[in-house]
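Reading through the structure tokens given below for one structure.
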Amino acid sequence: MNSSRAEELAGQARFVFNGTVKKLKAATLPEIKKKDRERTIIVRVDQILHAPPIFTNRVGQDVTVQLKKGEKVSVGQQAEFYTNSWLIGNESVALVSLGHRAVQKASAATFSATPADPVRTLATRDMQVHVDNADMVCSGRVTSVRMPEEELNTLSAESSANVHPPLSEHDPNWQEAVVEIDDMHKGPTEKKSVVVRFPSSKDRMWADAPKFRPGQSGYFVLHKAPMGINAQGKVAAMAADTIGVQDEYYTALHEDDFQPFEHQGPLNEMFTSAKVSDDESGAKDDAKDVVHQA
Amino acid sequence: MPAKKTKKKAKPPTATKKAAKKMASKKGSRKSPADLVLAAGVKVLIVNIIPRQMSFETNNDSEPNLDVSPTNPLHMVASAFTPDPTGSTNAPIFISTNGGMTWTINSIVPGGNKRTGTGDITLRFSRTTDKLYAAILRGDVRLRMNILRTDNFASPATMTVLGSRDRMDQPYVQTMTGSGGAGAAKDIVFIGDNDFNTTDGRTATLDFSNNAATGNGSFANTRIDPRTAPFGANAPSIRAAIHSDGTVYAAFMHFLSAEGPGGAFIQRDIVVVRDDEFGVGPNPFTALKDSSNNLAGRIVAPNRLVPFINDAFMGQERIGSSMSIAVDPRPSQSSTVYLAWADRVGQNDYTLHLRRSTDRGVNWSSSDLLTITNATNPALAINSDGKIGFLCQQYTGPFTPFQVTAANHWETHLRRSTDGISWDDLVLCRTPANVPSGKGGLPYLGDYLHLLTVGSDFFGIFSANNTPDPANFPAAQPPNGQLVFQRNHDFNTQKLFDINGTTRIDPSIDPFFFRVTE
């Protein structure tokens, strides 16, 4: 496997580790029946390269790996495994292999700038993808929170005789946060403020969306969405071609769409390094490119 | 120390394994595999289904669902608002291959998100094979319903999307196979859902297929409320009950009017419709008419106040749409149908009602068979002897809206009756309602749970505070009960621990599987 293929697999795999093959056609979970063990192997985890928190303490432990069709290994072989989760049970876990390659010299160091912390490596990678997919990334402060004006207008026009009831427990109850921009990291640099729509609902469907309040400051990772007023007179996200769509609005719907400055998360890491790099070089590069360098 | 303890408890009793082995080698045994899972004398089994490897988790694993494979009752699947612990783009289901004694997770549901996994989810096995169907709202695209299928619930392959539609809510799937005729040996799948793609308020919908096992299932859909309601919509709970003879009942709440802040105080009719041919005729779900308007749908209870309060109104839980319907599964017994729903009868309550019809939904008991104050999440199932089971969760202690104290509890009850008049009452779980705090969002316990039968036994699932205190599970006390926590715990100190066995983990909401043997 060449390094570009390895990089591609690393982008798809949640758990990448160096391991030693201990047994073929075997499994560490009783849920994988004998008839289903044709492609499963037991692997000892020797070194973790990137991982979600649940897999951080696996060094020295045996895990089950289901090989891809046609993928071959032998007992005693050491390899760098690119895997995703399959079964998480009581005694062990099973993984699905996306591929493997020979263990690289100084594997962890070449894999990441933070080889000592495989969880941070994965979190940073995930955030980089999230930033790449965003329409605007800025740092700033929430100055006010309000109900969208068009919804206020509808509500005030509604007579008591024809009150619209809530349609669904998943109604988002959109609100707007006005954000004063300090630094623009990705997006229109001339903007001094931005209106961010966010769901204020406590429903689980919207639970991971940030709930803004005045005074909050941090990094905002925003995504444009077409919106309008629905039949109930409420602001609603709509498909772009729907009748009633008024405009595109910046929204924050994901827990990674806001990160307070005081939180030592990946955004802080990216943009602090980006700012240092910017200050040092005096470069005026596009912020996205700077983020990539970080 | 706690880890070792848990490990030991999580394993099925040796006697059980031996029995299962013996069963496997004894062809023609009249006992089903599930009969052999429980240790001798145990009538009630309750299992916290969070796997030990996920001992760290403190999610609000609410709104659970469950099914047991009719063709192999050792095979079970469950769901809840549980995110994939590795942050993958799929959401997990819980699976068991040993009759519910142990559970693992398998992330095969497309469209997960980091916080809740999938959105709403319900799942059912085929009645004739191990194929599994699920109806979900995706976690990545809000209000997008997917109808899913897999041939092997234990494989790592993502479930196949059979159908997809936007602006949908609360899909609740049921499966059946016909006892004869065109439906014989075919996978009949009905999904009650709330389809907002209309402006006339007739949102109550059934998506259905009479041969879901092949291709994409060719699902059709039909709106089942004949009456329009331009200012409103049907309530989220739309439920179907299917009999193998072709009878399908469906229940929903029709919108009449709304008033009060945000239109939260809603008047509704409680309605049941029926079809006699698995919904395949020219005018599906019009077999039952109400004499008051000669329209399809018998109004079982007219003009009820059903408050829709999407906030922590009752013990940190929201209220607004609770409903269940069950038909007697025995041959020639499809005329008997039970219906449960919640509404308000006093000033601040949320009260469950249970009614019955024995003439195919034409006439209903004039008064409640059971009335349960301040309760939610009704679930009904009838066993092979015609015995009805009624599962629900009741909020007890002093009631003040939007307030909860240590004096309040959530109690999960299973009541059973052979005649609808005399009922027993098993308290499966009784936990403090103020722990954990509802920071995980709504619903707190769920907008539904599930009860089903295999043969004469009742199987179900509920979500509750996961403090490992055996006193919280009265029906699981020995010698007739058994309580299993898979995740690391200590029953003596009533504490939860991380996978390392030493780091304390705070209580949260977990799904609990149960089996009650007749």
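Scheme for the structure tokens: letters A, B, ... for chains in order shown; per-chain residue numbers from 1; ligand numbers from 1 in order shown.
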Please build the interface table for chain B against chain A with a cut-off of 8 Å, listing for each qualifying residue the nearest atom pair and the distance in Å to one decimal; count only C-alpha atoms, order rows by chain and increasing number, and write it as CSV.
```
residue,atom,partner,partner_atom,distance
B:Lys7,CA,A:Asn90,CA,7.8
B:Ala10,CA,A:Asn90,CA,7.8
B:Pro51,CA,A:Asn90,CA,5.0
B:Arg52,CA,A:Asn90,CA,4.4
B:Gln53,CA,A:Asn90,CA,5.4
B:Met54,CA,A:Ile54,CA,7.5
B:Pro85,CA,A:Ile54,CA,6.7
B:Thr86,CA,A:Pro52,CA,5.3
B:Gly87,CA,A:Pro52,CA,7.1
B:Ser88,CA,A:Arg14,CA,7.1
B:Ser96,CA,A:Glu31,CA,7.8
B:Thr97,CA,A:Glu31,CA,6.6
B:Thr102,CA,A:Asn90,CA,7.9
B:Trp103,CA,A:Gly89,CA,6.7
B:Thr104,CA,A:Gly89,CA,4.2
B:Ile105,CA,A:Ile88,CA,5.3
B:Asn106,CA,A:Leu87,CA,4.9
B:Ser107,CA,A:Trp86,CA,6.5
B:Lys114,CA,A:Asp208,CA,7.7
B:Arg115,CA,A:Asp208,CA,5.8
B:Thr116,CA,A:Arg204,CA,6.8
B:Gly119,CA,A:Met205,CA,6.3
B:Gly139,CA,A:Met205,CA,7.3
B:Arg142,CA,A:Met205,CA,7.2
B:Pro156,CA,A:Trp86,CA,5.5
B:Asp169,CA,A:Ser168,CA,7.4
B:Thr199,CA,A:Ala231,CA,6.9
B:Phe231,CA,A:His164,CA,5.6
B:Gly232,CA,A:Pro165,CA,6.0
B:Ala233,CA,A:Leu167,CA,6.2
B:Ala235,CA,A:Leu167,CA,7.6
B:Pro236,CA,A:Ser168,CA,6.5
B:Ser257,CA,A:Asn162,CA,7.9
B:Ala258,CA,A:Pro165,CA,5.9
B:Glu259,CA,A:Val163,CA,6.1
B:Gly262,CA,A:Pro165,CA,6.3
B:Gly263,CA,A:Pro165,CA,4.2
B:Ala264,CA,A:Pro165,CA,6.0
B:Ile266,CA,A:Pro165,CA,7.3
B:Phe308,CA,A:Pro166,CA,7.4
B:Asn310,CA,A:Glu169,CA,6.2
B:Asp311,CA,A:Lys202,CA,7.4
B:Gly440,CA,A:Ala207,CA,7.3
B:Gly441,CA,A:Lys202,CA,5.0
B:Leu442,CA,A:Asp203,CA,4.6
B:Pro443,CA,A:Asp203,CA,6.6
B:Gln486,CA,A:Asn90,CA,6.8
B:Arg487,CA,A:Asn90,CA,7.7
```
What would the file look like if the residues just selected were written as a compact mmCIF listing (two decimals), in the first residue's frame with C-alpha atoms?
```txt
# COMPACT_ATOMS: atom_id res chain seq x y z
CA LYS B 7 -17.99 -9.70 34.52
CA ALA B 10 -22.97 -10.52 32.99
CA PRO B 51 -22.28 -3.30 27.24
CA ARG B 52 -19.42 -3.39 29.73
CA GLN B 53 -17.01 -1.92 27.19
CA MET B 54 -19.23 1.20 27.19
CA PRO B 85 -19.20 5.51 20.80
CA THR B 86 -16.55 5.73 18.10
CA GLY B 87 -18.13 8.74 16.38
CA SER B 88 -18.84 6.88 13.15
CA SER B 96 -28.46 -10.23 21.63
CA THR B 97 -28.00 -13.77 20.38
CA THR B 102 -26.05 -10.30 27.10
CA TRP B 103 -26.09 -7.46 24.61
CA THR B 104 -23.57 -5.84 22.28
CA ILE B 105 -23.91 -2.87 19.97
CA ASN B 106 -23.64 -2.98 16.22
CA SER B 107 -23.59 0.35 14.36
CA LYS B 114 -22.66 12.34 17.68
CA ARG B 115 -25.24 13.14 20.34
CA THR B 116 -28.23 10.87 19.79
CA GLY B 119 -33.33 10.11 15.47
CA GLY B 139 -29.65 11.67 12.75
CA ARG B 142 -33.50 16.14 10.36
CA PRO B 156 -21.26 -5.05 10.05
CA ASP B 169 -42.07 12.17 12.29
CA THR B 199 -51.46 21.58 4.25
CA PHE B 231 -54.84 24.85 11.41
CA GLY B 232 -53.41 21.72 12.95
CA ALA B 233 -52.16 18.20 12.46
CA ALA B 235 -50.54 14.03 17.02
CA PRO B 236 -47.15 12.34 16.52
CA SER B 257 -58.74 23.09 18.01
CA ALA B 258 -55.94 24.67 20.00
CA GLU B 259 -55.67 27.48 22.47
CA GLY B 262 -48.23 28.50 21.73
CA GLY B 263 -51.47 26.63 21.01
CA ALA B 264 -50.40 23.95 23.50
CA ILE B 266 -55.20 20.92 21.99
CA PHE B 308 -48.70 19.33 23.97
CA ASN B 310 -42.61 20.23 24.80
CA ASP B 311 -40.78 21.02 28.01
CA GLY B 440 -29.54 15.64 27.95
CA GLY B 441 -32.65 17.21 26.43
CA LEU B 442 -36.11 15.88 25.71
CA PRO B 443 -37.53 13.32 25.84
CA GLN B 486 -23.56 -5.46 32.00
CA ARG B 487 -21.74 -2.19 32.61
```
Next on the checklist: Residues of segment 24-103 of chain B classed as helix (DSSP H, G or I) by DSSP on the backbone are to be reported as a PyMOL selection string.
Outcome noted: chain B and resi 24-25+33-36+52-54
Checklist outcome for this item: Closest of B:Gly183, B:Pro329, B:Gly481, B:Pro230 to Thr453 of chain B, counting only C-alpha atoms, is B:Pro329
Next on the checklist: Can you measure atom CA of Asp290 of chain B to atom CA of Phe255 of chain B for me? One decimal in Å is fine.
Outcome noted: 16.2 Å
Item to check | Contacts of segment 188-200 of chain A at 9 Å (only C-alpha atoms; same-chain gap of 3+ positions) as a ChimeraX atom specification | outcome: /A:136,140,148,171-185,203,206-207,209-212,222,249-253
Checklist entry - What's the 8 Å shell around Gly386 of chain B, counting only C-alpha atoms, without same-chain residues fewer than 5 positions away, as a PyMOL selection string? => result chain B and resi 328-330+418
Checklist outcome for this item: Using only C-alpha atoms, the residue out of B:Arg344, B:His75, B:Arg268, B:Arg167 with shortest distance to Gly100 of chain B is B:His75
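Rounded to one decimal, atom CA of Pro470 of chain B and atom CA of Ser417 of chain B lie 26.5 Å from each other.
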Checklist entry - Quick one: DSSP strand (DSSP E or B) residues in segment 48-105 of chain A, as a PyMOL selection string? => result chain A and resi 48-50+62-66+78-88+93-102
Take the residues just selected and output them with C-alpha atoms as a PDB file, in the first residue's frame.
```pdb
ATOM      1  CA  ILE A  48      -2.456   3.329  18.704  1.00  0.00           C
ATOM      2  CA  LEU A  49      -2.089   5.948  15.986  1.00  0.00           C
ATOM      3  CA  HIS A  50      -5.489   7.558  16.045  1.00  0.00           C
ATOM      4  CA  ASP A  62      -6.733  -8.470  21.921  1.00  0.00           C
ATOM      5  CA  VAL A  63      -9.390  -7.304  19.501  1.00  0.00           C
ATOM      6  CA  THR A  64     -11.240  -9.016  16.679  1.00  0.00           C
ATOM      7  CA  VAL A  65     -10.676  -7.725  13.157  1.00  0.00           C
ATOM      8  CA  GLN A  66     -12.823  -8.801  10.227  1.00  0.00           C
ATOM      9  CA  GLN A  78       2.855  -7.034  12.497  1.00  0.00           C
ATOM     10  CA  ALA A  79       0.870  -4.458  10.562  1.00  0.00           C
ATOM     11  CA  GLU A  80      -0.684  -1.028  10.639  1.00  0.00           C
ATOM     12  CA  PHE A  81      -4.455  -1.690  10.659  1.00  0.00           C
ATOM     13  CA  TYR A  82      -7.033   0.789   9.377  1.00  0.00           C
ATOM     14  CA  THR A  83     -10.355  -0.105  10.999  1.00  0.00           C
ATOM     15  CA  ASN A  84     -13.816   0.961  11.990  1.00  0.00           C
ATOM     16  CA  SER A  85     -15.965  -0.351  14.801  1.00  0.00           C
ATOM     17  CA  TRP A  86     -18.205  -3.377  14.324  1.00  0.00           C
ATOM     18  CA  LEU A  87     -19.313  -4.876  17.657  1.00  0.00           C
ATOM     19  CA  ILE A  88     -18.768  -3.429  21.128  1.00  0.00           C
ATOM     20  CA  VAL A  93     -14.627  -5.292  20.654  1.00  0.00           C
ATOM     21  CA  ALA A  94     -14.702  -6.289  17.000  1.00  0.00           C
ATOM     22  CA  LEU A  95     -13.491  -4.104  14.156  1.00  0.00           C
ATOM     23  CA  VAL A  96     -13.855  -4.082  10.409  1.00  0.00           C
ATOM     24  CA  SER A  97     -10.650  -3.700   8.435  1.00  0.00           C
ATOM     25  CA  LEU A  98     -10.429  -1.185   5.610  1.00  0.00           C
ATOM     26  CA  GLY A  99      -6.912  -2.394   4.872  1.00  0.00           C
ATOM     27  CA  HIS A 100      -3.484  -2.789   6.423  1.00  0.00           C
ATOM     28  CA  ARG A 101       0.139  -2.145   5.569  1.00  0.00           C
ATOM     29  CA  ALA A 102       3.507  -2.976   7.045  1.00  0.00           C
TER      30      ALA A 102
END
```
Checklist entry - Do you have the atom CA of Gly320 of chain B-atom CA of Ser367 of chain B distance handy? => result 22.0 Å
Checklist entry - Looking at B:Gln347, B:Thr396, B:Asn377, B:Thr82, which one is nearest to Leu414 of chain B, with distances taken over only C-alpha atoms? => result B:Asn377
